[in-house]
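Asks: mmCIF, C-alpha atoms and all ligand atoms, file my_file-v8.cif:
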data_data
#
loop_
_atom_site.label_atom_id
_atom_site.label_comp_id
_atom_site.auth_asym_id
_atom_site.auth_seq_id
_atom_site.Cartn_x
_atom_site.Cartn_y
_atom_site.Cartn_z
CA MET A 20 -56.89 -56.56 -6.07
CA PHE A 21 -54.14 -59.02 -7.06
CA GLN A 22 -54.48 -61.43 -9.96
CA TYR A 23 -52.97 -64.90 -10.19
CA TYR A 24 -52.65 -67.30 -13.10
CA CYS A 25 -52.36 -71.11 -12.89
CA LEU A 26 -49.92 -72.51 -15.44
CA ASN A 27 -50.77 -76.08 -14.31
CA PRO A 28 -53.87 -77.39 -12.58
CA ILE A 29 -53.44 -76.53 -8.90
CA SER A 30 -55.33 -78.23 -6.05
CA GLN A 31 -58.64 -76.52 -5.30
CA ILE A 32 -58.00 -76.94 -1.57
CA GLY A 33 -54.99 -74.67 -1.99
CA LEU A 34 -56.70 -72.14 -4.26
CA GLU A 35 -59.53 -71.78 -1.73
CA LYS A 36 -56.97 -70.27 0.65
CA PHE A 37 -56.78 -67.12 -1.49
CA THR A 38 -58.57 -64.26 0.28
CA GLU A 39 -60.97 -61.86 -1.46
CA GLU A 40 -58.10 -59.53 -2.46
CA PHE A 41 -56.95 -62.18 -4.97
CA GLU A 42 -58.67 -63.30 -8.15
CA ASN A 43 -57.90 -65.83 -10.84
CA THR A 44 -57.14 -64.44 -14.30
CA GLN A 45 -57.09 -66.26 -17.63
CA ASP A 46 -54.60 -63.72 -19.00
CA VAL A 47 -51.09 -64.57 -17.87
CA ASN A 48 -49.88 -61.08 -18.80
CA GLN A 49 -52.22 -59.49 -16.28
CA ALA A 50 -51.08 -61.70 -13.40
CA GLN A 51 -48.91 -60.51 -10.51
CA GLY A 52 -48.52 -64.13 -9.45
CA ILE A 53 -48.10 -67.39 -11.37
CA LEU A 54 -48.72 -70.78 -9.74
CA VAL A 55 -46.94 -73.62 -11.51
CA ARG A 56 -46.01 -77.30 -11.14
CA SER A 57 -43.80 -78.80 -13.86
CA ALA A 58 -44.74 -76.58 -16.84
CA ALA A 59 -41.63 -75.31 -18.65
CA MET A 60 -41.23 -71.55 -18.20
CA HIS A 61 -37.82 -71.03 -19.77
CA ASP A 62 -39.18 -69.78 -23.10
CA MET A 63 -42.02 -67.75 -21.65
CA GLU A 64 -42.24 -63.99 -21.96
CA LEU A 65 -42.44 -62.61 -18.43
CA SER A 66 -44.74 -59.60 -18.29
CA ASN A 67 -43.81 -56.49 -16.33
CA ASN A 68 -46.85 -57.11 -14.12
CA LEU A 69 -45.37 -60.34 -12.82
CA LEU A 70 -44.06 -60.14 -9.25
CA ALA A 71 -43.95 -63.76 -8.08
CA VAL A 72 -43.86 -67.36 -9.30
CA ALA A 73 -44.82 -70.06 -6.81
CA ARG A 74 -43.82 -73.62 -7.69
CA ALA A 75 -46.25 -75.98 -5.95
CA GLY A 76 -43.53 -78.59 -5.51
CA ALA A 77 -39.79 -78.91 -4.96
CA GLY A 78 -37.85 -78.92 -8.25
CA VAL A 79 -37.43 -75.51 -9.91
CA ASN A 80 -35.42 -76.52 -12.97
CA ASN A 81 -38.45 -75.62 -15.14
CA ILE A 82 -38.20 -71.95 -14.09
CA PRO A 83 -35.62 -69.36 -15.29
CA LEU A 84 -34.42 -68.39 -11.82
CA ASP A 85 -31.71 -65.93 -12.82
CA LYS A 86 -33.86 -64.17 -15.39
CA CYS A 87 -36.58 -63.83 -12.73
CA ALA A 88 -34.08 -62.51 -10.17
CA GLU A 89 -32.88 -59.82 -12.58
CA LYS A 90 -36.46 -58.72 -13.21
CA GLY A 91 -37.21 -58.64 -9.48
CA ILE A 92 -39.57 -61.61 -9.72
CA VAL A 93 -39.49 -63.78 -6.61
CA VAL A 94 -39.63 -67.54 -7.22
CA PHE A 95 -40.94 -69.70 -4.37
CA ASN A 96 -41.11 -73.45 -3.90
CA THR A 97 -42.72 -75.54 -1.19
CA PRO A 98 -39.93 -77.42 0.62
CA GLY A 99 -40.98 -80.81 1.96
CA ALA A 100 -44.66 -80.45 1.05
CA ASN A 101 -44.65 -83.44 -1.29
CA ALA A 102 -41.78 -85.40 0.30
CA ASN A 103 -44.00 -88.06 1.85
CA GLY A 104 -45.71 -88.77 -1.47
CA VAL A 105 -42.33 -89.27 -3.14
CA LYS A 106 -40.98 -91.36 -0.25
CA GLU A 107 -43.88 -93.80 -0.54
CA LEU A 108 -43.36 -94.18 -4.29
CA VAL A 109 -39.62 -94.73 -3.80
CA ILE A 110 -40.42 -97.63 -1.48
CA ALA A 111 -42.81 -98.98 -4.12
CA GLY A 112 -40.02 -98.48 -6.69
CA MET A 113 -37.60 -100.55 -4.63
CA LEU A 114 -40.15 -103.36 -4.40
CA LEU A 115 -40.83 -103.16 -8.15
CA ALA A 116 -37.09 -103.47 -8.71
CA VAL A 117 -36.30 -106.46 -6.53
CA ARG A 118 -39.20 -108.61 -7.74
CA ASP A 119 -40.62 -108.62 -11.26
CA ILE A 120 -44.06 -107.53 -10.09
CA VAL A 121 -44.74 -105.63 -13.33
CA GLY A 122 -43.73 -108.66 -15.45
CA GLY A 123 -45.93 -110.87 -13.30
CA ILE A 124 -48.97 -108.62 -13.60
CA ASN A 125 -48.47 -108.36 -17.36
CA TRP A 126 -48.29 -112.17 -17.55
CA VAL A 127 -51.59 -112.50 -15.65
CA GLU A 128 -53.18 -110.00 -18.04
CA SER A 129 -51.95 -112.03 -21.02
CA ALA A 130 -53.28 -115.26 -19.49
CA LYS A 131 -56.65 -113.88 -18.40
CA ASP A 132 -58.60 -116.07 -20.84
CA ASN A 133 -56.83 -119.24 -19.74
CA ALA A 134 -59.35 -121.34 -17.76
CA ASP A 135 -56.40 -123.05 -16.06
CA ILE A 136 -54.78 -119.78 -14.99
CA ALA A 137 -54.46 -120.89 -11.36
CA LYS A 138 -52.47 -123.96 -12.37
CA ALA A 139 -50.44 -122.04 -14.94
CA THR A 140 -49.60 -119.49 -12.27
CA GLU A 141 -47.87 -122.02 -10.08
CA LYS A 142 -45.80 -123.15 -13.05
CA GLU A 143 -44.90 -119.67 -14.35
CA LYS A 144 -44.37 -117.72 -11.14
CA LYS A 145 -40.70 -118.62 -10.77
CA ARG A 146 -40.00 -116.34 -13.75
CA PHE A 147 -41.03 -113.35 -11.65
CA ALA A 148 -39.35 -114.26 -8.36
CA GLY A 149 -36.83 -111.90 -6.77
CA THR A 150 -35.08 -110.86 -3.59
CA GLU A 151 -36.00 -109.02 -0.40
CA LEU A 152 -35.02 -105.58 0.87
CA THR A 153 -34.18 -106.52 4.45
CA ASP A 154 -30.42 -106.53 5.13
CA LYS A 155 -29.62 -105.00 1.74
CA LYS A 156 -27.44 -101.91 1.66
CA LEU A 157 -29.31 -98.80 0.51
CA GLY A 158 -27.34 -95.73 -0.56
CA ILE A 159 -29.10 -92.35 -0.57
CA ILE A 160 -27.55 -89.46 -2.44
CA GLY A 161 -29.09 -86.21 -1.15
CA LEU A 162 -30.46 -86.12 2.39
CA GLY A 163 -33.05 -83.38 1.99
CA ALA A 164 -36.78 -83.60 2.66
CA ILE A 165 -37.21 -86.78 0.58
CA GLY A 166 -33.85 -88.47 1.19
CA VAL A 167 -34.27 -88.29 4.98
CA LYS A 168 -37.76 -89.81 4.84
CA VAL A 169 -36.57 -92.62 2.56
CA ALA A 170 -33.59 -93.27 4.88
CA ASN A 171 -35.72 -93.50 8.00
CA VAL A 172 -38.36 -95.81 6.54
CA ALA A 173 -35.71 -98.05 4.94
CA LYS A 174 -34.10 -98.42 8.37
CA HIS A 175 -37.46 -99.57 9.72
CA MET A 176 -37.62 -102.11 6.90
CA GLY A 177 -34.36 -103.63 8.10
CA MET A 178 -32.09 -102.17 5.44
CA GLU A 179 -28.56 -100.99 6.12
CA VAL A 180 -28.71 -97.35 5.08
CA TYR A 181 -25.86 -95.12 3.90
CA GLY A 182 -26.42 -91.41 3.25
CA TYR A 183 -24.34 -88.86 1.35
CA ASP A 184 -24.99 -85.12 1.34
CA PRO A 185 -22.10 -82.66 1.69
CA TYR A 186 -24.55 -79.77 2.24
CA VAL A 187 -26.99 -81.45 4.61
CA SER A 188 -29.12 -78.92 6.53
CA VAL A 189 -29.30 -78.84 10.32
CA ASP A 190 -33.02 -79.67 10.13
CA ALA A 191 -32.41 -82.69 7.94
CA ALA A 192 -29.61 -83.91 10.21
CA TRP A 193 -31.92 -83.67 13.24
CA ASN A 194 -34.60 -85.69 11.48
CA LEU A 195 -32.29 -88.41 10.23
CA SER A 196 -32.21 -91.73 12.08
CA ARG A 197 -28.93 -92.05 13.99
CA ASP A 198 -28.54 -95.53 12.51
CA VAL A 199 -27.97 -94.11 9.02
CA LYS A 200 -24.29 -94.41 8.13
CA HIS A 201 -22.61 -91.22 7.06
CA ALA A 202 -20.84 -91.71 3.72
CA LEU A 203 -17.97 -89.25 3.43
CA ASN A 204 -17.95 -89.28 -0.33
CA VAL A 205 -20.23 -90.44 -3.09
CA GLU A 206 -17.77 -93.17 -4.11
CA GLU A 207 -18.46 -94.89 -0.78
CA ILE A 208 -22.13 -95.13 -1.81
CA TYR A 209 -21.21 -96.42 -5.29
CA GLU A 210 -18.81 -99.06 -3.96
CA THR A 211 -20.86 -100.26 -0.99
CA CYS A 212 -24.54 -100.25 -1.83
CA ASP A 213 -26.85 -102.81 -3.46
CA ILE A 214 -29.53 -100.22 -4.16
CA ILE A 215 -28.82 -96.54 -4.84
CA THR A 216 -31.44 -93.80 -4.87
CA ILE A 217 -30.78 -90.19 -5.84
CA HIS A 218 -32.61 -87.22 -4.28
CA VAL A 219 -30.68 -84.11 -5.30
CA PRO A 220 -31.89 -81.08 -7.29
CA LEU A 221 -30.99 -80.81 -10.96
CA LEU A 222 -28.19 -78.23 -11.06
CA ASP A 223 -25.17 -77.73 -13.31
CA SER A 224 -23.15 -79.49 -10.59
CA THR A 225 -25.43 -82.56 -10.45
CA ARG A 226 -26.44 -82.94 -14.12
CA GLY A 227 -25.31 -86.30 -15.48
CA MET A 228 -23.66 -87.36 -12.20
CA ILE A 229 -24.80 -90.96 -12.70
CA ASN A 230 -22.60 -91.66 -15.72
CA LYS A 231 -20.32 -94.38 -17.07
CA GLU A 232 -17.56 -93.54 -14.60
CA ALA A 233 -19.90 -93.58 -11.59
CA ILE A 234 -21.57 -96.81 -12.77
CA SER A 235 -18.19 -98.52 -13.18
CA LYS A 236 -17.57 -97.99 -9.44
CA MET A 237 -20.87 -99.62 -8.45
CA LYS A 238 -21.39 -103.23 -7.39
CA ASP A 239 -22.39 -105.74 -10.02
CA GLY A 240 -26.18 -106.11 -10.09
CA VAL A 241 -26.81 -102.70 -8.54
CA ILE A 242 -30.34 -101.30 -8.59
CA LEU A 243 -30.69 -97.58 -9.37
CA LEU A 244 -33.67 -95.42 -8.50
CA ASN A 245 -34.21 -91.96 -9.91
CA PHE A 246 -37.17 -90.05 -8.55
CA ALA A 247 -35.35 -86.71 -8.79
CA ARG A 248 -34.83 -85.75 -12.49
CA ASP A 249 -33.89 -87.81 -15.56
CA LEU A 250 -31.04 -85.46 -16.52
CA LEU A 251 -29.20 -86.38 -13.31
CA ALA A 252 -28.31 -89.61 -15.04
CA ASN A 253 -26.67 -90.17 -18.39
CA GLU A 254 -29.34 -92.68 -19.33
CA GLU A 255 -27.47 -93.98 -22.39
CA ASP A 256 -24.76 -95.08 -19.93
CA VAL A 257 -27.44 -96.60 -17.69
CA LEU A 258 -28.87 -98.65 -20.58
CA GLU A 259 -25.34 -99.80 -21.42
CA GLY A 260 -24.92 -100.86 -17.78
CA ILE A 261 -28.17 -102.83 -17.97
CA LYS A 262 -27.06 -104.52 -21.21
CA GLU A 263 -23.74 -105.53 -19.64
CA GLY A 264 -25.51 -106.93 -16.56
CA LYS A 265 -23.85 -104.34 -14.30
CA ILE A 266 -27.21 -102.74 -13.45
CA ARG A 267 -30.03 -105.07 -12.46
CA ARG A 268 -32.79 -102.51 -12.82
CA TYR A 269 -33.29 -98.77 -13.28
CA VAL A 270 -36.45 -97.33 -11.78
CA THR A 271 -37.26 -93.82 -12.93
CA ASP A 272 -40.16 -91.40 -12.49
CA PHE A 273 -39.34 -89.54 -15.72
CA PRO A 274 -40.35 -91.20 -18.99
CA ASN A 275 -38.44 -90.13 -22.09
CA PRO A 276 -37.65 -91.75 -25.45
CA THR A 277 -34.45 -93.31 -24.02
CA THR A 278 -36.00 -95.22 -21.13
CA ALA A 279 -39.68 -95.71 -22.05
CA GLY A 280 -40.09 -99.40 -22.82
CA ALA A 281 -36.36 -100.11 -22.50
CA GLU A 282 -35.22 -103.51 -21.15
CA GLY A 283 -34.42 -103.43 -17.44
CA CYS A 284 -36.16 -100.08 -16.86
CA VAL A 285 -39.23 -99.59 -14.72
CA VAL A 286 -40.61 -96.27 -15.87
CA ILE A 287 -43.31 -94.47 -13.87
CA PRO A 288 -45.13 -91.45 -15.38
CA HIS A 289 -43.88 -88.79 -12.92
CA LEU A 290 -46.25 -89.80 -10.12
CA GLY A 291 -43.99 -89.00 -7.13
CA ALA A 292 -45.98 -85.98 -5.98
CA SER A 293 -49.29 -86.97 -7.55
CA THR A 294 -51.23 -87.77 -4.40
CA GLU A 295 -54.15 -85.77 -3.02
CA GLU A 296 -52.17 -85.07 0.13
CA SER A 297 -49.04 -83.82 -1.62
CA GLU A 298 -50.98 -81.76 -4.13
CA ASP A 299 -53.01 -80.12 -1.37
CA ASN A 300 -49.96 -79.49 0.83
CA CYS A 301 -47.97 -77.94 -2.01
CA ALA A 302 -50.85 -75.76 -3.19
CA LYS A 303 -51.66 -74.50 0.32
CA MET A 304 -48.03 -73.63 0.98
CA ALA A 305 -47.54 -71.96 -2.42
CA VAL A 306 -50.69 -69.86 -2.03
CA LYS A 307 -49.78 -68.80 1.51
CA GLN A 308 -46.28 -67.73 0.50
CA MET A 309 -47.53 -65.90 -2.59
CA MET A 310 -50.21 -64.01 -0.66
CA ASN A 311 -47.76 -62.97 2.04
CA TYR A 312 -45.35 -61.69 -0.60
CA LEU A 313 -47.91 -59.86 -2.75
CA LYS A 314 -49.66 -58.25 0.24
CA ASN A 315 -46.74 -57.57 2.57
CA GLY A 316 -43.55 -57.97 0.54
CA ASN A 317 -42.38 -60.76 2.88
CA ILE A 318 -40.28 -63.51 1.32
CA ILE A 319 -40.40 -67.02 2.77
CA ASN A 320 -39.03 -70.06 0.93
CA SER A 321 -37.79 -68.30 -2.17
CA VAL A 322 -35.19 -70.03 -4.31
CA ASN A 323 -33.81 -66.91 -5.99
CA TYR A 324 -34.13 -64.27 -3.24
CA PRO A 325 -33.29 -64.39 0.47
CA ASN A 326 -35.88 -64.88 3.18
CA CYS A 327 -36.97 -61.49 4.49
CA ASP A 328 -39.95 -61.08 6.80
CA MET A 329 -41.06 -57.83 8.47
CA GLY A 330 -44.61 -58.96 9.18
CA ILE A 331 -47.56 -56.71 8.33
CA CYS A 332 -46.71 -53.07 7.72
CA SER A 333 -48.18 -50.75 10.36
CA GLN A 334 -46.58 -47.61 8.90
CA ALA A 335 -47.76 -45.29 6.13
CA GLY A 336 -45.61 -46.96 3.53
CA ARG A 337 -43.42 -49.93 2.67
CA VAL A 338 -41.01 -50.05 -0.25
CA ALA A 339 -39.20 -53.18 -1.41
CA ILE A 340 -36.01 -52.94 -3.45
CA PHE A 341 -34.40 -55.74 -5.48
CA HIS A 342 -30.77 -55.11 -6.14
CA LYS A 343 -27.27 -56.41 -6.65
CA ASN A 344 -25.50 -57.58 -3.52
CA ILE A 345 -22.83 -54.85 -3.64
CA ALA A 346 -21.42 -52.20 -1.32
CA ASN A 347 -23.07 -48.90 -0.45
CA MET A 348 -26.62 -49.66 -1.58
CA ILE A 349 -28.29 -49.05 1.78
CA THR A 350 -26.63 -45.63 2.13
CA LYS A 351 -27.98 -44.63 -1.26
CA PHE A 352 -31.49 -45.87 -0.46
CA ALA A 353 -31.51 -44.06 2.89
CA ALA A 354 -30.37 -40.84 1.20
CA CYS A 355 -33.32 -40.92 -1.23
CA PHE A 356 -35.74 -40.89 1.70
CA GLY A 357 -33.65 -38.55 3.87
CA ASP A 358 -33.41 -35.92 1.11
CA GLU A 359 -37.21 -35.75 1.06
CA GLY A 360 -37.43 -35.60 4.86
CA ILE A 361 -39.06 -39.04 5.07
CA ASN A 362 -38.34 -40.98 8.25
CA ILE A 363 -37.44 -44.66 7.93
CA THR A 364 -39.04 -46.50 10.85
CA ASP A 365 -37.91 -50.03 10.12
CA MET A 366 -35.71 -51.72 7.60
CA MET A 367 -34.37 -55.15 6.66
CA ASN A 368 -31.68 -56.08 4.15
CA LYS A 369 -30.87 -59.67 3.20
CA SER A 370 -28.72 -61.15 0.49
CA LYS A 371 -28.48 -64.44 -1.34
CA GLY A 372 -25.50 -64.92 -3.62
CA GLU A 373 -25.35 -62.05 -6.07
CA VAL A 374 -28.74 -60.54 -5.26
CA ALA A 375 -30.19 -58.72 -2.28
CA TYR A 376 -33.57 -57.53 -1.06
CA THR A 377 -34.24 -54.52 1.10
CA MET A 378 -37.56 -53.67 2.77
CA ILE A 379 -38.05 -50.19 4.11
CA ASP A 380 -41.00 -49.00 6.23
CA ILE A 381 -41.55 -45.25 6.14
CA GLU A 382 -43.63 -42.74 8.13
CA THR A 383 -44.91 -40.96 5.02
CA ALA A 384 -45.86 -42.77 1.82
CA ALA A 385 -43.21 -42.57 -0.93
CA ASP A 386 -44.09 -40.47 -3.98
CA ALA A 387 -43.29 -41.24 -7.62
CA GLU A 388 -40.19 -39.05 -7.52
CA ILE A 389 -38.54 -41.03 -4.73
CA ILE A 390 -39.40 -44.29 -6.47
CA SER A 391 -37.81 -43.16 -9.72
CA LYS A 392 -34.71 -41.95 -7.82
CA LEU A 393 -34.39 -45.38 -6.19
CA GLN A 394 -34.96 -47.08 -9.52
CA ALA A 395 -32.16 -45.00 -11.08
CA ILE A 396 -29.52 -46.22 -8.59
CA LYS A 397 -26.99 -48.43 -10.37
CA GLY A 398 -27.46 -52.05 -9.33
CA VAL A 399 -31.20 -51.74 -8.59
CA PHE A 400 -33.34 -54.25 -10.53
CA ARG A 401 -36.78 -53.27 -9.34
CA VAL A 402 -38.51 -51.06 -6.81
CA ARG A 403 -41.88 -52.12 -5.54
CA VAL A 404 -44.29 -49.98 -3.55
CA VAL A 405 -45.87 -52.58 -1.30
CA LYS A 406 -47.95 -49.99 0.59
N1 LIG B 1 -40.68 -87.40 -8.61
C1 LIG B 1 -41.32 -86.35 -8.13
O1 LIG B 1 -42.52 -86.18 -8.32
C2 LIG B 1 -40.57 -85.37 -7.30
C3 LIG B 1 -39.25 -85.14 -7.54
N2 LIG B 1 -38.57 -84.24 -6.77
C4 LIG B 1 -37.14 -84.05 -7.07
O2 LIG B 1 -36.38 -84.43 -5.93
C5 LIG B 1 -35.44 -83.41 -5.63
C6 LIG B 1 -35.16 -83.41 -4.14
O3 LIG B 1 -36.33 -83.02 -3.45
P1 LIG B 1 -36.30 -82.65 -1.89
O4 LIG B 1 -35.69 -83.74 -1.11
O5 LIG B 1 -37.67 -82.18 -1.54
O6 LIG B 1 -35.30 -81.41 -1.94
P2 LIG B 1 -34.35 -80.83 -0.79
O7 LIG B 1 -33.89 -79.51 -1.26
O8 LIG B 1 -35.03 -80.92 0.52
O9 LIG B 1 -33.12 -81.86 -0.78
C7 LIG B 1 -32.11 -81.89 -1.73
C8 LIG B 1 -30.83 -82.29 -1.02
O10 LIG B 1 -29.83 -82.55 -2.01
C9 LIG B 1 -28.59 -82.14 -1.44
N3 LIG B 1 -27.58 -82.03 -2.49
C10 LIG B 1 -27.40 -81.03 -3.39
N4 LIG B 1 -26.37 -81.32 -4.20
C11 LIG B 1 -25.88 -82.53 -3.80
C12 LIG B 1 -24.82 -83.36 -4.24
N5 LIG B 1 -24.05 -83.00 -5.27
N6 LIG B 1 -24.60 -84.53 -3.61
C13 LIG B 1 -25.38 -84.90 -2.55
N7 LIG B 1 -26.40 -84.15 -2.09
C14 LIG B 1 -26.65 -82.98 -2.70
C15 LIG B 1 -28.92 -80.85 -0.71
O11 LIG B 1 -27.95 -80.55 0.26
C16 LIG B 1 -30.27 -81.20 -0.10
O12 LIG B 1 -30.13 -81.68 1.21
C17 LIG B 1 -36.07 -82.12 -6.16
O13 LIG B 1 -35.10 -81.15 -6.45
C18 LIG B 1 -36.81 -82.59 -7.38
O14 LIG B 1 -35.97 -82.53 -8.50
C19 LIG B 1 -39.14 -83.60 -5.72
C20 LIG B 1 -40.46 -83.79 -5.44
C21 LIG B 1 -41.31 -84.63 -6.27
O1 LIG B 2 -41.95 -81.24 -6.85
C1 LIG B 2 -41.26 -81.72 -7.76
O2 LIG B 2 -40.06 -81.46 -7.94
C2 LIG B 2 -41.86 -82.67 -8.71
O3 LIG B 2 -41.18 -83.25 -9.50
C3 LIG B 2 -43.33 -82.85 -8.69
O4 LIG B 2 -43.77 -82.38 -9.94
P1 LIG B 2 -45.34 -82.17 -10.20
O5 LIG B 2 -45.80 -81.12 -9.25
O6 LIG B 2 -45.99 -83.50 -9.95
O7 LIG B 2 -45.42 -81.75 -11.64
#
Can you present the structure in this file as structure tokens?

Replies:
Amino acid sequence: MFQYYCLNPISQIGLEKFTEEFENTQDVNQAQGILVRSAAMHDMELSNNLLAVARAGAGVNNIPLDKCAEKGIVVFNTPGANANGVKELVIAGMLLAVRDIVGGINWVESAKDNADIAKATEKEKKRFAGTELTDKKLGIIGLGAIGVKVANVAKHMGMEVYGYDPYVSVDAAWNLSRDVKHALNVEEIYETCDIITIHVPLLDSTRGMINKEAISKMKDGVILLNFARDLLANEEDVLEGIKEGKIRRYVTDFPNPTTAGAEGCVVIPHLGASTEESEDNCAKMAVKQMMNYLKNGNIINSVNYPNCDMGICSQAGRVAIFHKNIANMITKFAACFGDEGINITDMMNKSKGEVAYTMIDIETAADAEIISKLQAIKGVFRVRVVK
């Protein structure tokens, strides 16, 4: 029996996918699997029972990926499962930016006791007027699951769309409308576009990329949208840009003391993925991936280990080894089994950056001695007897 712990509320539709070999525990230290959304895990103690963390969502900046990798804990996310939810809110964000819909609604609320509200409306409404999206130039930084969807729908709305992503995947490129213009560098987006939306992960290389220098290259009156992570922007610089009239509006999905209530900011309480559909999709995908890993050792959609899938084990045993991506490891693993006369029937070794994962199916189940020999090999982080 495997135990899982939910660090955030996870959609019931997803949790119902767990089979009878899995049960929910209220004790995180007992769990082999943790399901999480945005809860911060960096300061958490990770118990030795923990084998997998599944992020029901895209961003994994709340999870200590390297620490998990070194402990042989596989971290999964659910690529694309909430992209449509975010795309729809980005479109709403663009509309909230070009017209003062929020200001208008607030005015109506303030005038609700005015018996002449209909007449007052016609007098006041010019204060909340704006512009349209059609024919405006939209720049998208990051053409992943969300960026591609935003690009395609913006094209349908009659916008001129520019996309920038130096690492665009083949899948994303296939899905992208051919009418989207390929920006060769991010400066082209800054210099050309009326509205700029950012859809990249928060990494050391992307942190603070929307800063004073980037803003200075943008067109006067630019609209910025940030539905990715607040730390991608230096928001003090953004507020300065708003004050100087350089930035017309900043729409963000990440409230913090800098932007909440600030002039020129439209701040949404992190609602991008908060739709029934996205929550269900993410939870179903996270549960499926976690079950497959805990039961079979197969890794699909991990962010800190490579994909490695050998299906269901039909042999007497399966051992999974987490190790450094260095020379000679496979020879040493094979020797441990060979010395005991155990036949390896199938094997897969995959690497991702500095770490690697090896699955070995064997004709006779491995005993404790072999496991401790494997564990003692320099560069091995963890050995797991899957079967
Ligand atoms: N507001 C919300 O509720 C949500 C926010 N997010 C945020 O949006 C981000 C993107 O999500 P997805 O599109 O699903 O992820 P994704 O992984 O499908 O796409 C990210 C894209 O960014 C590109 N990229 C990386 N570094 C770049 C750079 N320096 N310049 C240009 N492109 C770069 C990658 O090549 C990739 O194509 C997530 O990492 C997360 O932080 C995601 C889902 C919900
Ligand atoms: O998937 C993501 O990256 C998100 O930001 C969504 O976060 P949430 O699951 O709504 O806490």

Asks: Counting all atoms listed in the file, I want the residues whose atoms come within 12 Å of (-46.1, -60.1, -17.3) in the file frame, returned as a PyMOL selection string.

Replies: chain A and resi 22-24+46-53+63-72+87+90-92

Asks: Grab me every residue within 6 Å of ligand LIG 2 (chain B), counting all atoms listed in the file, and send it over as an MDAnalysis selection string.

Replies: chainID A and resid 56:57 76:78 292:293

Asks: Would you mind exporting the chosen residues as a compact mmCIF listing (two decimals), in the frame of the given file, restricted to C-alpha atoms?

Replies:
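Generated output (out_13.txt):
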# COMPACT_ATOMS: atom_id res chain seq x y z
CA ARG A 56 -46.01 -77.30 -11.14
CA SER A 57 -43.80 -78.80 -13.86
CA GLY A 76 -43.53 -78.59 -5.51
CA ALA A 77 -39.79 -78.91 -4.96
CA GLY A 78 -37.85 -78.92 -8.25
CA ALA A 292 -45.98 -85.98 -5.98
CA SER A 293 -49.29 -86.97 -7.55

Asks: Could you list, as a ChimeraX atom specification, all protein and nucleic acid residues with an atom at most 9 Å from ligand LIG 1 (chain B), counting all atoms listed in the file?

Replies: /A:76-80,97-102,104-105,108-109,159-168,182-188,191,204-205,217-222,224-225,228,245-248,271-273,289-293

Asks: A:Thr140: which residues within 12 Å, counting all atoms listed in the file, same-chain residues fewer than 4 positions away excluded, as a PDB file with C-alpha atoms, in the coordinates of the input?

Replies:
ATOM      1  CA  GLY A 123     -45.930-110.870 -13.300  1.00  0.00           C
ATOM      2  CA  ILE A 124     -48.970-108.620 -13.600  1.00  0.00           C
ATOM      3  CA  TRP A 126     -48.290-112.170 -17.550  1.00  0.00           C
ATOM      4  CA  VAL A 127     -51.590-112.500 -15.650  1.00  0.00           C
ATOM      5  CA  GLU A 128     -53.180-110.000 -18.040  1.00  0.00           C
ATOM      6  CA  SER A 129     -51.950-112.030 -21.020  1.00  0.00           C
ATOM      7  CA  ALA A 130     -53.280-115.260 -19.490  1.00  0.00           C
ATOM      8  CA  LYS A 131     -56.650-113.880 -18.400  1.00  0.00           C
ATOM      9  CA  ASN A 133     -56.830-119.240 -19.740  1.00  0.00           C
ATOM     10  CA  ALA A 134     -59.350-121.340 -17.760  1.00  0.00           C
ATOM     11  CA  ASP A 135     -56.400-123.050 -16.060  1.00  0.00           C
ATOM     12  CA  ILE A 136     -54.780-119.780 -14.990  1.00  0.00           C
ATOM     13  CA  LYS A 144     -44.370-117.720 -11.140  1.00  0.00           C
ATOM     14  CA  LYS A 145     -40.700-118.620 -10.770  1.00  0.00           C
ATOM     15  CA  ARG A 146     -40.000-116.340 -13.750  1.00  0.00           C
ATOM     16  CA  PHE A 147     -41.030-113.350 -11.650  1.00  0.00           C
TER      17      PHE A 147
END

Asks: Given the point (-21.6, -96.4, -7.9) in the coordinates of this file, which residues lie within 10 Å, counting all atoms listed in the file, and how would they look as a list in words?

Replies: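 Residues close enough to count: Gly158, Val205, Glu206, Glu207, Ile208, Tyr209, Glu210, Thr211, Cys212, Asp213, Ile214, Ile215, Ile229, Asn230, Lys231, Glu232, Ala233, Ile234, Ser235, Lys236, Met237, Lys238, Asp239, Val241 and Leu243 of chain A.
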
Asks: Atom CA of A:Ala173 and atom CA of A:Val199, how far apart in Å?

Replies: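 Distance reported for this atom pair: 9.6 Å.
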
Asks: Between atom CA of A:Tyr376 and atom CA of A:Val94, what is the spacing in Å?

Replies: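 Straight-line distance from atom CA of A:Val94 to atom CA of A:Tyr376 works out to 13.2 Å.
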
Asks: Could you pull the residues within 12 Å of A:Thr364, counting only C-alpha atoms, minus those fewer than 2 positions along the same chain, as a list of chain:residue names?

Replies: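 Non-adjacent residues within range: A:Met329, A:Cys332, A:Ser333, A:Gln334, A:Ala335, A:Gly336, A:Arg337, A:Val338, A:Ala353, A:Phe356, A:Gly357, A:Ile361, A:Asn362, A:Met366, A:Met367, A:Met378, A:Ile379, A:Asp380, A:Ile381, A:Glu382, A:Thr383, A:Ala384.
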
Asks: Set the distance at 7 Å and use all atoms listed in the file: which residues neighbour A:Ile82 once local chain neighbours fewer than 3 positions away are removed? I'd like the list as a list in words.

Replies: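 Near neighbours after the sequence-gap exclusion: Ala59, Met60, His61 and Val79 of chain A.
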
Asks: What is the atom CA of A:Cys327 to atom CA of A:Trp193 distance in Å?

Replies: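 Distance reported for this atom pair: 24.4 Å.
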
Asks: Do a neighbour search on A:Asn171 at 9 Å with only C-alpha atoms, toss out local chain neighbours closer than 5 positions, and write the hits as a PyMOL selection string.

Replies: chain A and resi 166+176+180+194-196+198-199
